[in-house]
Number of protein chains: 2
Amino acid sequence: MAEKTLILNGTTVADGIKANLAARVAALKEKGIVPCLATILVGDDPSSATYVRMKGSACSRLGMESRRIHLGAETTTEELIAVIDGLNGDDGVHGILLQHPVPHQIDERAAFEAIAIGKDVDGVTMLGFAQNAFGMAEYPSCTPAAILAILDYYRLPMEGKHAVVVGRSPILGKPVSLMLLNRNATVTVCHSKTEGLAELVRQGDIVVAAVGKPAFIQGEWVKEGAVVLDAGYNEGNIGDVDYEACLAKASAITPVPAGVGPVTIATLLKHTVAAAERRVFQP
Amino acid sequence: MAEKTLILNGTTVADGIKANLAARVAALKEKGIVPCLATILVGDDPSSATYVRMKGSACSRLGMESRRIHLGAETTTEELIAVIDGLNGDDGVHGILLQHPVPHQIDERAAFEAIAIGKDVDGVTMLGFAQNAFGMAEYPSCTPAAILAILDYYRLPMEGKHAVVVGRSPILGKPVSLMLLNRNATVTVCHSKTEGLAELVRQGDIVVAAVGKPAFIQGEWVKEGAVVLDAGYNEGNIGDVDYEACLAKASAITPVPAGVGPVTIATLLKHTVAAAERRVFQP
């Protein structure tokens, strides 16, 4: 058992990011600009509604503006893209977040692609993804960026470490794998078709759970002393990691809640402020 | 030692691809269109000169056109982009290949980005990369696509297999990793900062050498029965794999030459023909 496991406190990391932002928001306001994040929620998924509410509230607390757009469950791709186009052309909006997932009838990829790259503060466009893959992104996807921010805050090294990422989604597993790779980790990407998952996870000096299944990563799968990052957030405040069991093995671990989640939101605010600054200072 | 190692004959695979293309080129010619690949060579690197010559010759043999542009070693980024812009606007050109690497003074990424997506037959643009990462590319990078074509031709399964990719370049290691991942392989990406490389390679059911160092992958690193794909091509016709030593361990292996190389060229032709078809049949 690990001597003393470090709980990676996402609230602390997020507070650090937001403390840095407060002065920047104030400076923008002196120029007459209030950084504004537009969130788009399509349909009535309660978790998604909670997420966009949390993001909007976080904006308010920082003195930023949020514009919450709620579209009906029957919205078409064309209707959604028209809304996004409107936000793209609106000088008062600096960042656009389309809450994932959208209802089945919508072509999510087409909707993501409609977001102007300068307002793609969650790095969901293909161009944003590729810039991130090549280490050139202004706004890497917020959850992957949050995971790296936590590692950096706690000075947990990535270079030469074996990172095992469980999950391969376009907005989480794939981008975080590429970001870890760009930070010189050796990266293994596992997923639903992976054979021998336990043995692979056991190799990880760093384990990233991005699978979307409650308490999926077992304590027996985790190497003694590994760093465990739980990007999952399932019903009932349960992450993708069996927390107590993994806590007993890990040298460091993110809890759920108060782990990756708050850092993701702080990163989203940071990107939105940066997008507003770019508008003002590099017009 | 493996009972009988299958030599994965790239020439055979390439011939299969080209046989399918001949009729398509003929059909295009009946419409008055000759599919045309423009190759751009900057400077006087002898290997690069050989590559573009091979690509041009392959076009000719298939009845396609090639336009070889050779720019001086002192060419600036702006001059190169102006040439690419000209080719983008030229209706007689269907595919554009900028031979990598370019001289130091050139911003290679900016030059790649200048290629119009419809003519990006080697998948070097960021958009092409991301489309490929999401399994949506018209023209995935040719060498990664060639590696998958060889696996498919010989019916070597990827799903659930552990693929170990050595190398992480934007045009080879990264895209081939994502393509293998999209085919349901579990993928580990190794590179110059990887620790315990031999042990990691030894886990590979599929090993992709994309490192650019002659005979780098050792026989002792390769698991008995692994499939070894050598994307390297170093001076003196030497791949990235210690061929004889790996041959003794592998169940299947690509030689150099006549392995990945000819399939890469055939893939480039295939993409150029497809780009020409798209122009004619989906104007």
# chains A, B, ... in the order shown; residues from 1 in each chain; ligands from 1
$ interface_residues --of "chain A" --to "chain B" --cutoff "9 Å" --atoms "only C-alpha atoms" --output "PDB file with N, CA, C and O atoms, in the first residue's frame"
ATOM      1  N   THR A 125     -13.408  21.576 -32.749  1.00  0.00           N
ATOM      2  CA  THR A 125     -13.328  21.525 -34.211  1.00  0.00           C
ATOM      3  C   THR A 125     -12.169  20.635 -34.643  1.00  0.00           C
ATOM      4  O   THR A 125     -11.240  20.378 -33.874  1.00  0.00           O
ATOM      5  N   MET A 126     -12.240  20.186 -35.891  1.00  0.00           N
ATOM      6  CA  MET A 126     -11.133  19.377 -36.415  1.00  0.00           C
ATOM      7  C   MET A 126      -9.836  20.178 -36.413  1.00  0.00           C
ATOM      8  O   MET A 126      -8.779  19.653 -36.082  1.00  0.00           O
ATOM      9  N   LEU A 127      -9.927  21.446 -36.801  1.00  0.00           N
ATOM     10  CA  LEU A 127      -8.715  22.256 -36.832  1.00  0.00           C
ATOM     11  C   LEU A 127      -8.141  22.410 -35.425  1.00  0.00           C
ATOM     12  O   LEU A 127      -6.927  22.274 -35.215  1.00  0.00           O
ATOM     13  N   GLY A 128      -9.017  22.639 -34.448  1.00  0.00           N
ATOM     14  CA  GLY A 128      -8.571  22.748 -33.065  1.00  0.00           C
ATOM     15  C   GLY A 128      -7.932  21.447 -32.589  1.00  0.00           C
ATOM     16  O   GLY A 128      -6.885  21.452 -31.920  1.00  0.00           O
ATOM     17  N   PHE A 129      -8.523  20.326 -32.964  1.00  0.00           N
ATOM     18  CA  PHE A 129      -7.977  19.013 -32.605  1.00  0.00           C
ATOM     19  C   PHE A 129      -6.570  18.840 -33.174  1.00  0.00           C
ATOM     20  O   PHE A 129      -5.645  18.412 -32.483  1.00  0.00           O
ATOM     21  N   ALA A 130      -6.417  19.170 -34.462  1.00  0.00           N
ATOM     22  CA  ALA A 130      -5.121  18.975 -35.112  1.00  0.00           C
ATOM     23  C   ALA A 130      -4.074  19.932 -34.551  1.00  0.00           C
ATOM     24  O   ALA A 130      -2.922  19.545 -34.325  1.00  0.00           O
ATOM     25  N   GLN A 131      -4.462  21.168 -34.304  1.00  0.00           N
ATOM     26  CA  GLN A 131      -3.513  22.107 -33.686  1.00  0.00           C
ATOM     27  C   GLN A 131      -3.035  21.548 -32.356  1.00  0.00           C
ATOM     28  O   GLN A 131      -1.847  21.615 -32.017  1.00  0.00           O
ATOM     29  N   ALA A 133      -3.004  18.359 -31.507  1.00  0.00           N
ATOM     30  CA  ALA A 133      -2.192  17.169 -31.793  1.00  0.00           C
ATOM     31  C   ALA A 133      -0.749  17.552 -32.120  1.00  0.00           C
ATOM     32  O   ALA A 133       0.177  16.799 -31.854  1.00  0.00           O
ATOM     33  N   PHE A 134      -0.591  18.742 -32.709  1.00  0.00           N
ATOM     34  CA  PHE A 134       0.741  19.194 -33.094  1.00  0.00           C
ATOM     35  C   PHE A 134       1.321  20.184 -32.080  1.00  0.00           C
ATOM     36  O   PHE A 134       2.326  20.828 -32.349  1.00  0.00           O
ATOM     37  N   GLU A 159       7.352  13.251 -18.797  1.00  0.00           N
ATOM     38  CA  GLU A 159       8.394  12.792 -19.724  1.00  0.00           C
ATOM     39  C   GLU A 159       8.926  11.411 -19.360  1.00  0.00           C
ATOM     40  O   GLU A 159       9.324  11.169 -18.217  1.00  0.00           O
ATOM     41  N   GLY A 160       8.918  10.533 -20.343  1.00  0.00           N
ATOM     42  CA  GLY A 160       9.445   9.178 -20.157  1.00  0.00           C
ATOM     43  C   GLY A 160       8.520   8.254 -19.371  1.00  0.00           C
ATOM     44  O   GLY A 160       8.799   7.065 -19.235  1.00  0.00           O
ATOM     45  N   LYS A 161       7.434   8.797 -18.838  1.00  0.00           N
ATOM     46  CA  LYS A 161       6.488   7.961 -18.094  1.00  0.00           C
ATOM     47  C   LYS A 161       5.564   7.236 -19.066  1.00  0.00           C
ATOM     48  O   LYS A 161       5.297   7.712 -20.166  1.00  0.00           O
ATOM     49  N   HIS A 162       5.059   6.108 -18.617  1.00  0.00           N
ATOM     50  CA  HIS A 162       4.101   5.361 -19.432  1.00  0.00           C
ATOM     51  C   HIS A 162       2.696   5.771 -18.997  1.00  0.00           C
ATOM     52  O   HIS A 162       2.282   5.490 -17.871  1.00  0.00           O
ATOM     53  N   VAL A 164      -1.265   5.402 -19.570  1.00  0.00           N
ATOM     54  CA  VAL A 164      -2.274   4.521 -20.150  1.00  0.00           C
ATOM     55  C   VAL A 164      -3.609   5.258 -20.099  1.00  0.00           C
ATOM     56  O   VAL A 164      -4.085   5.628 -19.021  1.00  0.00           O
ATOM     57  N   ARG A 168     -11.158   6.628 -26.017  1.00  0.00           N
ATOM     58  CA  ARG A 168     -10.585   7.170 -27.266  1.00  0.00           C
ATOM     59  C   ARG A 168     -11.546   8.135 -27.949  1.00  0.00           C
ATOM     60  O   ARG A 168     -11.575   8.204 -29.188  1.00  0.00           O
ATOM     61  N   PRO A 170     -13.234  11.614 -29.410  1.00  0.00           N
ATOM     62  CA  PRO A 170     -12.603  12.761 -30.084  1.00  0.00           C
ATOM     63  C   PRO A 170     -12.368  13.954 -29.168  1.00  0.00           C
ATOM     64  O   PRO A 170     -11.528  14.789 -29.472  1.00  0.00           O
ATOM     65  N   LYS A 174      -8.667  10.741 -27.279  1.00  0.00           N
ATOM     66  CA  LYS A 174      -7.692  11.031 -28.333  1.00  0.00           C
ATOM     67  C   LYS A 174      -6.877  12.293 -28.034  1.00  0.00           C
ATOM     68  O   LYS A 174      -5.650  12.252 -28.080  1.00  0.00           O
ATOM     69  N   LEU A 178      -2.703  12.542 -27.233  1.00  0.00           N
ATOM     70  CA  LEU A 178      -1.763  13.314 -28.045  1.00  0.00           C
ATOM     71  C   LEU A 178      -1.039  14.366 -27.205  1.00  0.00           C
ATOM     72  O   LEU A 178       0.149  14.619 -27.399  1.00  0.00           O
ATOM     73  N   LEU A 181       1.562  12.606 -25.201  1.00  0.00           N
ATOM     74  CA  LEU A 181       2.632  12.251 -26.140  1.00  0.00           C
ATOM     75  C   LEU A 181       3.521  13.463 -26.420  1.00  0.00           C
ATOM     76  O   LEU A 181       4.757  13.357 -26.428  1.00  0.00           O
ATOM     77  N   ASN A 182       2.903  14.622 -26.603  1.00  0.00           N
ATOM     78  CA  ASN A 182       3.668  15.841 -26.871  1.00  0.00           C
ATOM     79  C   ASN A 182       4.473  16.288 -25.658  1.00  0.00           C
ATOM     80  O   ASN A 182       5.431  17.045 -25.805  1.00  0.00           O
ATOM     81  N   ASN A 184       6.075  14.151 -23.992  1.00  0.00           N
ATOM     82  CA  ASN A 184       7.101  13.105 -23.945  1.00  0.00           C
ATOM     83  C   ASN A 184       6.763  11.908 -23.067  1.00  0.00           C
ATOM     84  O   ASN A 184       7.659  11.162 -22.661  1.00  0.00           O
ATOM     85  N   ALA A 185       5.493  11.707 -22.776  1.00  0.00           N
ATOM     86  CA  ALA A 185       5.087  10.430 -22.191  1.00  0.00           C
ATOM     87  C   ALA A 185       5.028   9.388 -23.307  1.00  0.00           C
ATOM     88  O   ALA A 185       4.826   9.724 -24.479  1.00  0.00           O
ATOM     89  N   THR A 186       5.229   8.126 -22.924  1.00  0.00           N
ATOM     90  CA  THR A 186       4.907   7.009 -23.809  1.00  0.00           C
ATOM     91  C   THR A 186       3.439   6.703 -23.551  1.00  0.00           C
ATOM     92  O   THR A 186       3.045   6.563 -22.398  1.00  0.00           O
ATOM     93  N   VAL A 187       2.644   6.612 -24.617  1.00  0.00           N
ATOM     94  CA  VAL A 187       1.191   6.572 -24.413  1.00  0.00           C
ATOM     95  C   VAL A 187       0.580   5.304 -25.000  1.00  0.00           C
ATOM     96  O   VAL A 187       0.827   4.973 -26.167  1.00  0.00           O
ATOM     97  N   THR A 188      -0.214   4.616 -24.174  1.00  0.00           N
ATOM     98  CA  THR A 188      -1.016   3.493 -24.648  1.00  0.00           C
ATOM     99  C   THR A 188      -2.485   3.891 -24.562  1.00  0.00           C
ATOM    100  O   THR A 188      -2.933   4.372 -23.520  1.00  0.00           O
ATOM    101  N   VAL A 189      -3.203   3.700 -25.663  1.00  0.00           N
ATOM    102  CA  VAL A 189      -4.636   4.030 -25.697  1.00  0.00           C
ATOM    103  C   VAL A 189      -5.440   2.728 -25.716  1.00  0.00           C
ATOM    104  O   VAL A 189      -5.294   1.913 -26.631  1.00  0.00           O
ATOM    105  N   CYS A 190      -6.277   2.560 -24.694  1.00  0.00           N
ATOM    106  CA  CYS A 190      -7.125   1.371 -24.566  1.00  0.00           C
ATOM    107  C   CYS A 190      -8.587   1.770 -24.771  1.00  0.00           C
ATOM    108  O   CYS A 190      -8.939   2.942 -24.651  1.00  0.00           O
ATOM    109  N   HIS A 191      -9.420   0.791 -25.043  1.00  0.00           N
ATOM    110  CA  HIS A 191     -10.829   1.063 -25.350  1.00  0.00           C
ATOM    111  C   HIS A 191     -11.633  -0.221 -25.257  1.00  0.00           C
ATOM    112  O   HIS A 191     -11.115  -1.260 -24.816  1.00  0.00           O
ATOM    113  N   SER A 192     -12.875  -0.146 -25.711  1.00  0.00           N
ATOM    114  CA  SER A 192     -13.796  -1.266 -25.523  1.00  0.00           C
ATOM    115  C   SER A 192     -13.337  -2.561 -26.199  1.00  0.00           C
ATOM    116  O   SER A 192     -13.735  -3.645 -25.791  1.00  0.00           O
ATOM    117  N   LYS A 193     -12.508  -2.453 -27.224  1.00  0.00           N
ATOM    118  CA  LYS A 193     -12.048  -3.648 -27.931  1.00  0.00           C
ATOM    119  C   LYS A 193     -10.684  -4.136 -27.442  1.00  0.00           C
ATOM    120  O   LYS A 193     -10.112  -5.076 -28.010  1.00  0.00           O
ATOM    121  N   THR A 194     -10.150  -3.469 -26.442  1.00  0.00           N
ATOM    122  CA  THR A 194      -8.835  -3.844 -25.922  1.00  0.00           C
ATOM    123  C   THR A 194      -8.896  -5.191 -25.209  1.00  0.00           C
ATOM    124  O   THR A 194      -9.819  -5.434 -24.425  1.00  0.00           O
ATOM    125  N   GLU A 195      -7.921  -6.032 -25.499  1.00  0.00           N
ATOM    126  CA  GLU A 195      -7.803  -7.309 -24.790  1.00  0.00           C
ATOM    127  C   GLU A 195      -6.727  -7.175 -23.713  1.00  0.00           C
ATOM    128  O   GLU A 195      -5.717  -6.511 -23.926  1.00  0.00           O
TER     129      GLU A 195
END
$ residues_around --residues "range 100-108 of chain B" --least-positions-apart "2" --cutoff "9 Å" --atoms "only C-alpha atoms" --output "ChimeraX atom specification"
/B:41-43,45,48,73-78,80,97-98,110-113
$ write_last_selection --atoms "N, CA and C atoms" --output "mmCIF file, in the first residue's frame"
data_model
loop_
_atom_site.group_PDB
_atom_site.id
_atom_site.type_symbol
_atom_site.label_atom_id
_atom_site.label_comp_id
_atom_site.auth_asym_id
_atom_site.auth_seq_id
_atom_site.Cartn_x
_atom_site.Cartn_y
_atom_site.Cartn_z
ATOM 1 N N LEU B 41 9.655 19.823 -54.991
ATOM 2 C CA LEU B 41 10.917 19.516 -54.314
ATOM 3 C C LEU B 41 11.619 20.839 -54.060
ATOM 4 N N VAL B 42 12.012 21.063 -52.811
ATOM 5 C CA VAL B 42 12.749 22.292 -52.484
ATOM 6 C C VAL B 42 14.163 21.900 -52.082
ATOM 7 N N GLY B 43 15.149 22.417 -52.796
ATOM 8 C CA GLY B 43 16.544 22.123 -52.487
ATOM 9 C C GLY B 43 17.027 20.881 -53.205
ATOM 10 N N ASP B 45 18.344 17.794 -51.781
ATOM 11 C CA ASP B 45 18.547 16.554 -51.051
ATOM 12 C C ASP B 45 18.389 15.372 -52.010
ATOM 13 N N SER B 48 15.379 12.979 -51.391
ATOM 14 C CA SER B 48 14.107 13.607 -51.739
ATOM 15 C C SER B 48 13.955 13.667 -53.252
ATOM 16 N N ALA B 73 17.281 25.781 -53.072
ATOM 17 C CA ALA B 73 17.478 25.557 -51.639
ATOM 18 C C ALA B 73 17.238 26.828 -50.826
ATOM 19 N N GLU B 74 17.305 27.988 -51.483
ATOM 20 C CA GLU B 74 17.150 29.264 -50.760
ATOM 21 C C GLU B 74 15.699 29.761 -50.763
ATOM 22 N N THR B 75 14.801 28.985 -51.307
ATOM 23 C CA THR B 75 13.393 29.389 -51.390
ATOM 24 C C THR B 75 12.854 29.806 -50.014
ATOM 25 N N THR B 76 12.070 30.877 -49.991
ATOM 26 C CA THR B 76 11.450 31.303 -48.726
ATOM 27 C C THR B 76 10.081 30.643 -48.571
ATOM 28 N N THR B 77 9.561 30.708 -47.349
ATOM 29 C CA THR B 77 8.211 30.200 -47.082
ATOM 30 C C THR B 77 7.205 30.894 -47.995
ATOM 31 N N GLU B 78 7.345 32.209 -48.131
ATOM 32 C CA GLU B 78 6.399 32.984 -48.934
ATOM 33 C C GLU B 78 6.449 32.536 -50.397
ATOM 34 N N LEU B 80 7.402 29.620 -51.532
ATOM 35 C CA LEU B 80 6.851 28.272 -51.639
ATOM 36 C C LEU B 80 5.318 28.320 -51.583
ATOM 37 N N LEU B 97 1.831 17.303 -53.845
ATOM 38 C CA LEU B 97 2.701 16.673 -52.860
ATOM 39 C C LEU B 97 3.924 17.555 -52.628
ATOM 40 N N LEU B 98 4.059 18.046 -51.419
ATOM 41 C CA LEU B 98 5.265 18.784 -51.031
ATOM 42 C C LEU B 98 6.202 17.785 -50.372
ATOM 43 N N ALA B 110 3.366 25.847 -42.198
ATOM 44 C CA ALA B 110 2.654 26.874 -42.968
ATOM 45 C C ALA B 110 2.524 26.446 -44.427
ATOM 46 N N ALA B 111 3.564 25.838 -44.947
ATOM 47 C CA ALA B 111 3.531 25.394 -46.344
ATOM 48 C C ALA B 111 2.506 24.273 -46.525
ATOM 49 N N PHE B 112 2.523 23.307 -45.614
ATOM 50 C CA PHE B 112 1.532 22.222 -45.690
ATOM 51 C C PHE B 112 0.119 22.797 -45.628
ATOM 52 N N GLU B 113 -0.076 23.731 -44.701
ATOM 53 C CA GLU B 113 -1.422 24.307 -44.530
ATOM 54 C C GLU B 113 -1.902 25.036 -45.772
#
$ residues_around --residues "Ile265 in chain A" --least-positions-apart "2" --cutoff "12 Å" --atoms "only C-alpha atoms" --output "ChimeraX atom specification"
/A:10-11,13-15,17-18,37,51-59,62,97,121-122,141-147,258-263,267-272
$ residues_around --residues "Glu199 in chain B" --least-positions-apart "3" --cutoff "10 Å" --atoms "only C-alpha atoms" --output "JSON, numbers by chain"
{"B": [195, 196, 202, 203, 204, 220, 221, 222, 223]}
$ closest_residue --among "B:Ala82, B:Ile217, B:Ile238, B:Ile206" --to "Pro157 in chain B" --atoms "only C-alpha atoms"
B:Ile206
$ atom_distance --atom1 "CA of Asp242 in chain A" --atom2 "CA of Pro140 in chain A"
27.7 Å
$ select_by_dssp --residues "range 56-256 of chain A" --states "alpha helix (DSSP H)" --output "PyMOL selection string"
chain A and resi 56-61+77-88+108-114+126-133+142-153+173-182+197-201+243-247
$ closest_residue --among "A:Val165, A:Ala210, A:Ala226, A:Ala19" --to "Leu247 in chain A" --atoms "only C-alpha atoms"
A:Ala226
$ atom_distance --atom1 "CA of Leu172 in chain A" --atom2 "CA of Tyr233 in chain A"
12.7 Å
$ select_by_dssp --residues "range 30-79 of chain B" --states "strand (DSSP E or B)" --output "PyMOL selection string"
chain B and resi 36-42+65-71
$ write_last_selection --atoms "C-alpha atoms" --output "PDB file, in the first residue's frame"
ATOM      1  CA  CYS B  36      -2.258  15.086 -62.520  1.00  0.00           C
ATOM      2  CA  LEU B  37      -0.028  15.044 -59.464  1.00  0.00           C
ATOM      3  CA  ALA B  38       2.173  18.063 -58.820  1.00  0.00           C
ATOM      4  CA  THR B  39       5.280  17.309 -56.798  1.00  0.00           C
ATOM      5  CA  ILE B  40       7.288  20.084 -55.199  1.00  0.00           C
ATOM      6  CA  LEU B  41      10.917  19.516 -54.314  1.00  0.00           C
ATOM      7  CA  VAL B  42      12.749  22.292 -52.484  1.00  0.00           C
ATOM      8  CA  GLU B  65       0.381  13.321 -65.680  1.00  0.00           C
ATOM      9  CA  SER B  66       2.941  14.582 -63.224  1.00  0.00           C
ATOM     10  CA  ARG B  67       4.180  18.088 -62.871  1.00  0.00           C
ATOM     11  CA  ARG B  68       7.534  18.282 -61.159  1.00  0.00           C
ATOM     12  CA  ILE B  69       8.374  21.586 -59.560  1.00  0.00           C
ATOM     13  CA  HIS B  70      11.908  22.014 -58.326  1.00  0.00           C
ATOM     14  CA  LEU B  71      12.664  25.080 -56.227  1.00  0.00           C
TER      15      LEU B  71
END
